[in-house]
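Chemist: I have a structure I would like to understand better, so I am pasting it below and will then ask my questions one at a time.
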Amino acid sequence: MKKKIALVTGGFSGEAVVSLKSAAIVEKTIDRSKFDVFKILIYPGDWYHQTESGQKVPVDMNDFSILLNEERVTFDGVFNILHGSPGEDGKLAGYFDMLGLPYTTCDALTSAITMNKGYTKAIVQDIPELYVARSIQLFINKEENLERIQKELRLPLFVKPNNGGSSIGMSKVKTPSELKEALDKAFAEDDQVLVEEFVSGREFSIGVYHAQGKTTVLPATEIVSSKEFFDFEAKYSPGVTEEITPGRMSEEEVGRVNRIIAQVYQKLNCKGAVRVDYFLEHDTGKFYFIEINTVPGQTETSLISQQVRAIGMDVKDFYTELIEEMFV
């Protein structure tokens with residue numbers, strides 16, 4: 001019997017657009033000889049499965065089932081590709097846990113913590129060979145913040161919403177006069193803001209996942225952006241960034257990065273595939289942790305897909321491993 005998999009997409013944030021693109025690729029790529037796939041779209045107050053004819057079939061939230069052709073369909077597991085809230089911040093994970101339904105991504109606690117950049121950095125900062133940029137976590141947008149930031153941190157700075165992904169609301173601040181506008185922009189996206197010192201380094205993003213009894217660190221992708229930093233436009237506009245997979249690192253750097261990444265995955269109790277962004281500082285080669293993404297994009301050009309192909313693996317087989325792992 002083929003397992004019935006709910007492919008969960010949509011979401012409550014601006015990242016829903018990216019989530020739908022990822023879901024379209026996953027839906028097309030999953031091995032249909034092994035799994036029956038039902039795409040479930042989740043929007044505020046509107047959870048449904050869309051049939052091939054375009055009919056919207058509501059989800060019964062009591063048991064996460066749907067009624068198709070007068071037959072009740074329940075699912076064996078969930079392939080979660082919902083970026084942002086509620087798929088990445090632990091809300092859906094907690095709901096699925098209560099129903100006893102397995103899913104491909106991190107559990108509720110890890111998902112909630114890793115959505116908060118400041119809390120994540122506090123947990124990983126004592127991992128050997130891992131460094132974090134000096135930072136301040138702000139909870140209220142008030143005038144006194146300007147003085148405190150200038151007193152405690154060195155310019156230039158990155159100012160970003162503490163929760164969420166896609167680099168929306170993020171700014172690079174080079175002079176004190178730019179600070180207030182950057183804080184206002186970040187606080188418009190979130191009620192917590194992270195202000196951190198700029199690290200001058202080569203930027204990389206690396207995927208890691210656990211399946212078949214082992215944790216696999218994929219080849220890193222080097223991000224070479226024509227913009228000053230990897231913001232929303234740089235991530236999602238063609239031609240703005242060059243992505244080199246595998247990234248240009250020495251043998252020593254690859255070994256060190258892989259050691260650190262495996263420990264980050266373990267320390268945060270990750271499950272499924274996650275992606276970690278980091279810098280290698282220009283002068284020292286030190287590894288600086290930026291952030292972790294627990295529901296990384298799965299479009300054809302997404303970094304994880306590039307990295308899977310770089311180890312000679314078919315993305316279809318990668319998805320099979322992720323799905324089978326949730327039943328272990």
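FYI, nothing fancy with the structure tokens labels: chains A, B, ... in order, residues from 1 per chain, ligands from 1 as they appear.
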Excluding same-chain residues fewer than 6 positions from Ala273 (chain A), what lies within 9 Å of it counting only C-alpha atoms, as number ranges by chain?
Modeler: A: 104-106, 207-210, 294-296, 304, 322
Chemist: Write the residues of the preceding selection, restricted to C-alpha atoms, as a short mmCIF file (atom, residue, chain, number, x, y, z; two decimals), in the first residue's frame.
Modeler:
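out35.cif, written as the output of this step:
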```cif
data_model
loop_
_atom_site.label_atom_id
_atom_site.label_comp_id
_atom_site.auth_asym_id
_atom_site.auth_seq_id
_atom_site.Cartn_x
_atom_site.Cartn_y
_atom_site.Cartn_z
CA THR A 104 9.26 15.87 7.71
CA THR A 105 10.49 18.94 9.63
CA CYS A 106 11.74 19.87 13.13
CA GLY A 207 22.18 22.00 3.84
CA VAL A 208 22.19 19.12 6.33
CA TYR A 209 19.71 16.30 6.94
CA HIS A 210 19.35 13.05 8.85
CA THR A 294 14.27 24.75 9.17
CA VAL A 295 11.93 24.74 6.13
CA PRO A 296 14.36 25.58 3.31
CA ILE A 304 19.32 22.56 -1.10
CA LEU A 322 13.01 12.64 4.06
#
```
Chemist: Apply DSSP to the backbone of this structure and, from region 9-106 of chain A, keep only the residues in alpha helix (DSSP H); write these as a ChimeraX atom specification.
Modeler: /A:16-29,91-99
Chemist: Could you pull the residues within 7 Å of region 260-265 of chain A, counting only C-alpha atoms, minus those fewer than 2 positions along the same chain, as a PyMOL selection string?
Modeler: chain A and resi 124+129-130+217+256-258+267-270
Chemist: If you keep N, CA and C atoms, can you produce a file of those selected residues as a PDB file, in the first residue's frame?
Modeler:
```
ATOM      1  N   VAL A 124      23.730  28.069  20.248  1.00  0.00           N
ATOM      2  CA  VAL A 124      24.832  27.466  19.491  1.00  0.00           C
ATOM      3  C   VAL A 124      26.197  28.096  19.775  1.00  0.00           C
ATOM      4  N   GLU A 129      34.755  26.108  17.695  1.00  0.00           N
ATOM      5  CA  GLU A 129      35.105  26.646  16.368  1.00  0.00           C
ATOM      6  C   GLU A 129      33.994  27.509  15.759  1.00  0.00           C
ATOM      7  N   LEU A 130      32.875  27.690  16.461  1.00  0.00           N
ATOM      8  CA  LEU A 130      31.774  28.524  15.953  1.00  0.00           C
ATOM      9  C   LEU A 130      31.809  29.878  16.655  1.00  0.00           C
ATOM     10  N   VAL A 217      25.989  16.116   5.788  1.00  0.00           N
ATOM     11  CA  VAL A 217      26.215  17.543   5.513  1.00  0.00           C
ATOM     12  C   VAL A 217      26.482  17.669   4.019  1.00  0.00           C
ATOM     13  N   ARG A 256      36.270  21.606   8.748  1.00  0.00           N
ATOM     14  CA  ARG A 256      35.855  22.376   9.936  1.00  0.00           C
ATOM     15  C   ARG A 256      34.375  22.739   9.862  1.00  0.00           C
ATOM     16  N   VAL A 257      33.948  23.220   8.697  1.00  0.00           N
ATOM     17  CA  VAL A 257      32.540  23.597   8.515  1.00  0.00           C
ATOM     18  C   VAL A 257      31.635  22.387   8.757  1.00  0.00           C
ATOM     19  N   ASN A 258      31.998  21.241   8.188  1.00  0.00           N
ATOM     20  CA  ASN A 258      31.173  20.033   8.351  1.00  0.00           C
ATOM     21  C   ASN A 258      31.071  19.599   9.809  1.00  0.00           C
ATOM     22  N   LYS A 267      22.733  19.919  18.293  1.00  0.00           N
ATOM     23  CA  LYS A 267      22.464  20.733  19.481  1.00  0.00           C
ATOM     24  C   LYS A 267      21.055  21.341  19.450  1.00  0.00           C
ATOM     25  N   LEU A 268      20.593  21.697  18.254  1.00  0.00           N
ATOM     26  CA  LEU A 268      19.253  22.267  18.119  1.00  0.00           C
ATOM     27  C   LEU A 268      18.181  21.188  17.966  1.00  0.00           C
ATOM     28  N   ASN A 269      18.604  19.903  17.999  1.00  0.00           N
ATOM     29  CA  ASN A 269      17.688  18.765  17.885  1.00  0.00           C
ATOM     30  C   ASN A 269      16.856  18.849  16.598  1.00  0.00           C
ATOM     31  N   CYS A 270      17.559  19.109  15.484  1.00  0.00           N
ATOM     32  CA  CYS A 270      16.877  19.263  14.194  1.00  0.00           C
ATOM     33  C   CYS A 270      16.410  17.920  13.650  1.00  0.00           C
TER      34      CYS A 270
END
```
Chemist: May I ask which of the residues A:Ala16, A:Val224, A:Val276, A:Met1 is the closest one to Arg32 (chain A), counting only C-alpha atoms?
Modeler: A:Met1
Chemist: Restricting the calculation to only C-alpha atoms, which member of A:Lys271, A:Arg154, A:Lys4, A:Lys21 is positioned closest to Phe38 (chain A)?
Modeler: A:Lys4
Chemist: List as a VMD selection string the protein and nucleic acid residues near region 180-187 of chain A, meaning an atom at most 8 Å away when only C-alpha atoms are counted, but skip any in the same chain fewer than 2 places from it.
Modeler: chain A and resid 141 146 159 to 161 169 to 173 177 to 178 189 to 193
Chemist: Could those residues be written to a file, using all heavy atoms, as a tab-separated table (two decimals), in the first residue's frame?
Modeler:
```tsv
chain	number	residue	atom	x	y	z
A	141	ASN	N	10.68	49.45	20.41
A	141	ASN	CA	11.30	50.48	19.56
A	141	ASN	C	11.24	51.82	20.28
A	141	ASN	O	10.25	52.53	20.19
A	141	ASN	CB	10.55	50.56	18.22
A	141	ASN	CG	11.30	51.40	17.20
A	141	ASN	OD1	12.46	51.76	17.41
A	141	ASN	ND2	10.65	51.70	16.08
A	146	LEU	N	18.95	53.93	20.40
A	146	LEU	CA	19.96	54.52	19.51
A	146	LEU	C	21.27	54.73	20.25
A	146	LEU	O	22.35	54.37	19.76
A	146	LEU	CB	19.45	55.85	18.94
A	146	LEU	CG	18.17	55.78	18.10
A	146	LEU	CD1	17.66	57.16	17.74
A	146	LEU	CD2	18.43	54.99	16.81
A	159	VAL	N	20.61	45.34	10.88
A	159	VAL	CA	19.39	45.46	11.69
A	159	VAL	C	18.34	44.60	11.02
A	159	VAL	O	18.03	44.79	9.84
A	159	VAL	CB	18.92	46.93	11.78
A	159	VAL	CG1	17.64	47.04	12.59
A	159	VAL	CG2	20.01	47.81	12.39
A	160	LYS	N	17.81	43.60	11.77
A	160	LYS	CA	16.84	42.70	11.11
A	160	LYS	C	15.77	42.24	12.09
A	160	LYS	O	16.01	42.13	13.30
A	160	LYS	CB	17.55	41.49	10.51
A	160	LYS	CG	18.57	40.79	11.38
A	160	LYS	CD	19.30	39.72	10.56
A	160	LYS	CE	20.64	39.39	11.11
A	160	LYS	NZ	21.42	38.44	10.33
A	161	PRO	N	14.57	41.94	11.56
A	161	PRO	CA	13.53	41.35	12.41
A	161	PRO	C	14.07	40.06	13.00
A	161	PRO	O	14.77	39.30	12.32
A	161	PRO	CB	12.39	41.05	11.43
A	161	PRO	CG	12.65	41.92	10.24
A	161	PRO	CD	14.13	42.08	10.16
A	169	GLY	N	12.63	43.36	5.72
A	169	GLY	CA	12.79	44.29	6.85
A	169	GLY	C	14.21	44.44	7.33
A	169	GLY	O	14.48	45.03	8.37
A	170	MET	N	15.16	43.93	6.54
A	170	MET	CA	16.57	43.95	6.96
A	170	MET	C	17.31	45.13	6.34
A	170	MET	O	17.04	45.52	5.21
A	170	MET	CB	17.21	42.63	6.51
A	170	MET	CG	18.64	42.44	6.87
A	170	MET	SD	19.08	40.72	6.46
A	170	MET	CE	20.84	40.79	6.49
A	171	SER	N	18.23	45.73	7.11
A	171	SER	CA	19.02	46.87	6.60
A	171	SER	C	20.46	46.75	7.04
A	171	SER	O	20.76	46.20	8.10
A	171	SER	CB	18.48	48.20	7.15
A	171	SER	OG	17.11	48.36	6.91
A	172	LYS	N	21.36	47.32	6.23
A	172	LYS	CA	22.75	47.49	6.65
A	172	LYS	C	22.94	48.96	7.00
A	172	LYS	O	22.61	49.85	6.20
A	172	LYS	CB	23.71	47.07	5.53
A	172	LYS	CG	25.17	47.12	5.97
A	172	LYS	CD	26.10	46.64	4.86
A	172	LYS	CE	27.55	46.73	5.31
A	172	LYS	NZ	28.49	46.36	4.21
A	173	VAL	N	23.46	49.21	8.19
A	173	VAL	CA	23.61	50.58	8.70
A	173	VAL	C	25.09	50.92	8.76
A	173	VAL	O	25.86	50.26	9.45
A	173	VAL	CB	22.97	50.70	10.10
A	173	VAL	CG1	23.31	52.05	10.72
A	173	VAL	CG2	21.46	50.51	10.02
A	177	SER	N	23.21	58.07	11.50
A	177	SER	CA	22.00	58.73	11.00
A	177	SER	C	21.03	57.74	10.34
A	177	SER	O	19.84	58.02	10.20
A	177	SER	CB	22.37	59.84	10.02
A	177	SER	OG	23.05	59.28	8.91
A	178	GLU	N	21.54	56.57	9.93
A	178	GLU	CA	20.69	55.58	9.25
A	178	GLU	C	20.00	54.63	10.23
A	178	GLU	O	19.13	53.85	9.84
A	178	GLU	CB	21.54	54.73	8.29
A	178	GLU	CG	22.17	55.52	7.15
A	178	GLU	CD	23.22	54.71	6.39
A	178	GLU	OE1	23.68	53.67	6.90
A	178	GLU	OE2	23.56	55.13	5.28
A	189	GLU	N	8.08	44.84	10.86
A	189	GLU	CA	7.92	43.43	10.51
A	189	GLU	C	7.79	42.53	11.73
A	189	GLU	O	7.27	41.43	11.65
A	189	GLU	CB	9.12	42.95	9.68
A	189	GLU	CG	9.29	43.64	8.34
A	189	GLU	CD	8.17	43.34	7.36
A	189	GLU	OE1	7.56	42.25	7.46
A	189	GLU	OE2	7.86	44.22	6.53
A	190	ASP	N	8.29	42.98	12.90
A	190	ASP	CA	8.38	42.09	14.06
A	190	ASP	C	8.43	42.92	15.34
A	190	ASP	O	8.86	44.09	15.31
A	190	ASP	CB	9.65	41.23	13.93
A	190	ASP	CG	9.69	40.07	14.92
A	190	ASP	OD1	8.66	39.80	15.56
A	190	ASP	OD2	10.75	39.45	15.04
A	191	ASP	N	8.01	42.31	16.45
A	191	ASP	CA	8.09	43.04	17.73
A	191	ASP	C	9.41	42.76	18.46
A	191	ASP	O	9.61	43.23	19.58
A	191	ASP	CB	6.88	42.73	18.63
A	191	ASP	CG	6.71	41.24	18.88
A	191	ASP	OD1	7.61	40.46	18.49
A	191	ASP	OD2	5.68	40.86	19.47
A	192	GLN	N	10.30	41.99	17.83
A	192	GLN	CA	11.67	41.83	18.34
A	192	GLN	C	12.63	42.10	17.19
A	192	GLN	O	12.39	41.68	16.06
A	192	GLN	CB	11.92	40.41	18.85
A	192	GLN	CG	11.21	40.05	20.13
A	192	GLN	CD	11.59	38.64	20.59
A	192	GLN	OE1	12.72	38.21	20.44
A	192	GLN	NE2	10.61	37.92	21.14
A	193	VAL	N	13.71	42.81	17.49
A	193	VAL	CA	14.68	43.16	16.45
A	193	VAL	C	16.08	42.82	16.93
A	193	VAL	O	16.42	43.01	18.10
A	193	VAL	CB	14.56	44.67	16.10
A	193	VAL	CG1	15.78	45.16	15.32
A	193	VAL	CG2	13.29	44.92	15.28
```
Chemist: Separation of CA of Tyr103 (chain A) and CA of Ser33 (chain A), in Å?
Modeler: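 Value for the CA of Tyr103 (chain A)-CA of Ser33 (chain A) distance: 19.8 Å.
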Chemist: Mind pulling up the distance from CA of Lys174 (chain A) to CA of Leu155 (chain A)?
Modeler: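 Separating CA of Leu155 (chain A) from CA of Lys174 (chain A) is a distance of 5.9 Å.
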Chemist: Excluding region 69-86 of chain A and residues on its chain fewer than 2 positions from it, collect all residues at most 8 Å away from it, counting only C-alpha atoms, and give them as a ChimeraX atom specification.
Modeler: /A:3-13,15-16,18-19,22-23,63-67,88-92,101-105,164-165,295-298,323,326
Chemist: Just to confirm, what's the straight-line distance from CA of Gly272 (chain A) to CA of Ile223 (chain A) in Å (one decimal)?
Modeler: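 CA of Ile223 (chain A) lies 23.2 Å from CA of Gly272 (chain A).
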Chemist: Skip Leu280 (chain A) itself and residues of its chain fewer than 5 positions away, then list as a VMD selection string all residues within 6 Å of it, counting only C-alpha atoms.
Modeler: chain A and resid 201 to 202 285 to 287
Chemist: Kindly indicate which residue among A:Leu303, A:Val315, A:Val199, A:Ala93 lies nearest to Val132 (chain A), using only C-alpha atoms for the distances.
Modeler: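 Of A:Leu303, A:Val315, A:Val199, A:Ala93, the one nearest Val132 (chain A), counting only C-alpha atoms, is A:Val199.
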Chemist: Can you list, as a compact mmCIF listing (two decimals) with C-alpha atoms, in the first residue's frame, every residue of region 16-244 of chain A that DSSP puts in strand (DSSP E)?
Modeler:
```txt
# COMPACT_ATOMS: atom_id res chain seq x y z
CA PHE A 35 3.46 7.83 -2.28
CA ASP A 36 0.03 9.29 -2.98
CA VAL A 37 0.32 13.06 -2.60
CA PHE A 38 -2.46 15.47 -1.59
CA LYS A 39 -1.58 19.17 -1.62
CA ILE A 40 -3.09 20.98 1.38
CA LEU A 41 -3.18 24.78 1.32
CA ILE A 42 -3.25 26.52 4.70
CA TYR A 43 -4.33 30.16 4.98
CA ASP A 46 -9.08 28.55 5.20
CA TRP A 47 -7.48 25.07 5.07
CA TYR A 48 -8.28 23.06 1.96
CA HIS A 49 -7.23 20.52 -0.67
CA GLN A 50 -7.66 21.60 -4.28
CA LYS A 56 -11.78 23.30 -2.92
CA VAL A 57 -12.22 20.49 -0.39
CA PRO A 58 -12.10 21.78 3.21
CA VAL A 59 -9.83 20.13 5.77
CA ASP A 60 -11.52 18.74 8.88
CA SER A 65 -8.68 14.72 7.04
CA ILE A 66 -10.57 15.53 3.85
CA LEU A 67 -13.75 14.12 2.27
CA LEU A 68 -13.08 13.13 -1.35
CA GLU A 71 -14.73 8.92 1.12
CA ARG A 72 -12.82 10.11 4.21
CA VAL A 73 -9.08 10.47 3.43
CA GLY A 77 2.39 11.71 7.24
CA VAL A 78 3.01 15.33 6.28
CA PHE A 79 5.63 16.77 3.90
CA ASN A 80 5.89 20.28 5.32
CA LEU A 130 31.77 28.52 15.95
CA TYR A 131 31.64 32.31 16.40
CA SER A 135 24.59 41.73 18.93
CA ILE A 136 21.75 43.31 20.91
CA GLN A 137 18.21 41.93 20.96
CA LEU A 138 15.57 44.67 21.23
CA LEU A 157 25.62 47.00 11.64
CA PHE A 158 22.89 44.70 10.38
CA VAL A 159 19.39 45.46 11.69
CA LYS A 160 16.84 42.70 11.11
CA PRO A 161 13.53 41.35 12.41
CA SER A 171 19.02 46.87 6.60
CA LYS A 172 22.75 47.49 6.65
CA VAL A 173 23.61 50.58 8.70
CA VAL A 193 14.68 43.16 16.45
CA LEU A 194 18.28 41.95 16.32
CA VAL A 195 21.09 44.47 15.83
CA GLU A 196 24.45 42.85 15.13
CA GLU A 197 27.92 43.88 14.10
CA GLY A 201 33.57 37.56 5.09
CA ARG A 202 32.65 35.16 2.31
CA GLU A 203 29.02 34.08 2.63
CA PHE A 204 27.87 30.46 2.39
CA SER A 205 24.69 28.45 2.86
CA ILE A 206 24.80 24.74 3.63
CA GLY A 207 22.18 22.00 3.84
CA VAL A 208 22.19 19.12 6.33
CA TYR A 209 19.71 16.30 6.94
CA HIS A 210 19.35 13.05 8.85
CA ALA A 211 18.16 9.85 7.14
CA LYS A 214 23.24 9.10 9.53
CA THR A 215 23.53 12.88 9.36
CA THR A 216 24.65 14.10 5.93
CA VAL A 217 26.22 17.54 5.51
CA THR A 221 26.91 26.99 -1.70
CA GLU A 222 28.95 30.20 -1.87
CA ILE A 223 26.80 33.31 -2.25
CA VAL A 224 28.40 36.07 -4.32
CA SER A 225 25.94 38.97 -4.41
CA THR A 241 23.56 36.75 -6.99
CA GLU A 242 25.98 34.13 -8.21
CA GLU A 243 25.62 30.81 -6.41
CA ILE A 244 28.64 28.50 -6.55
```
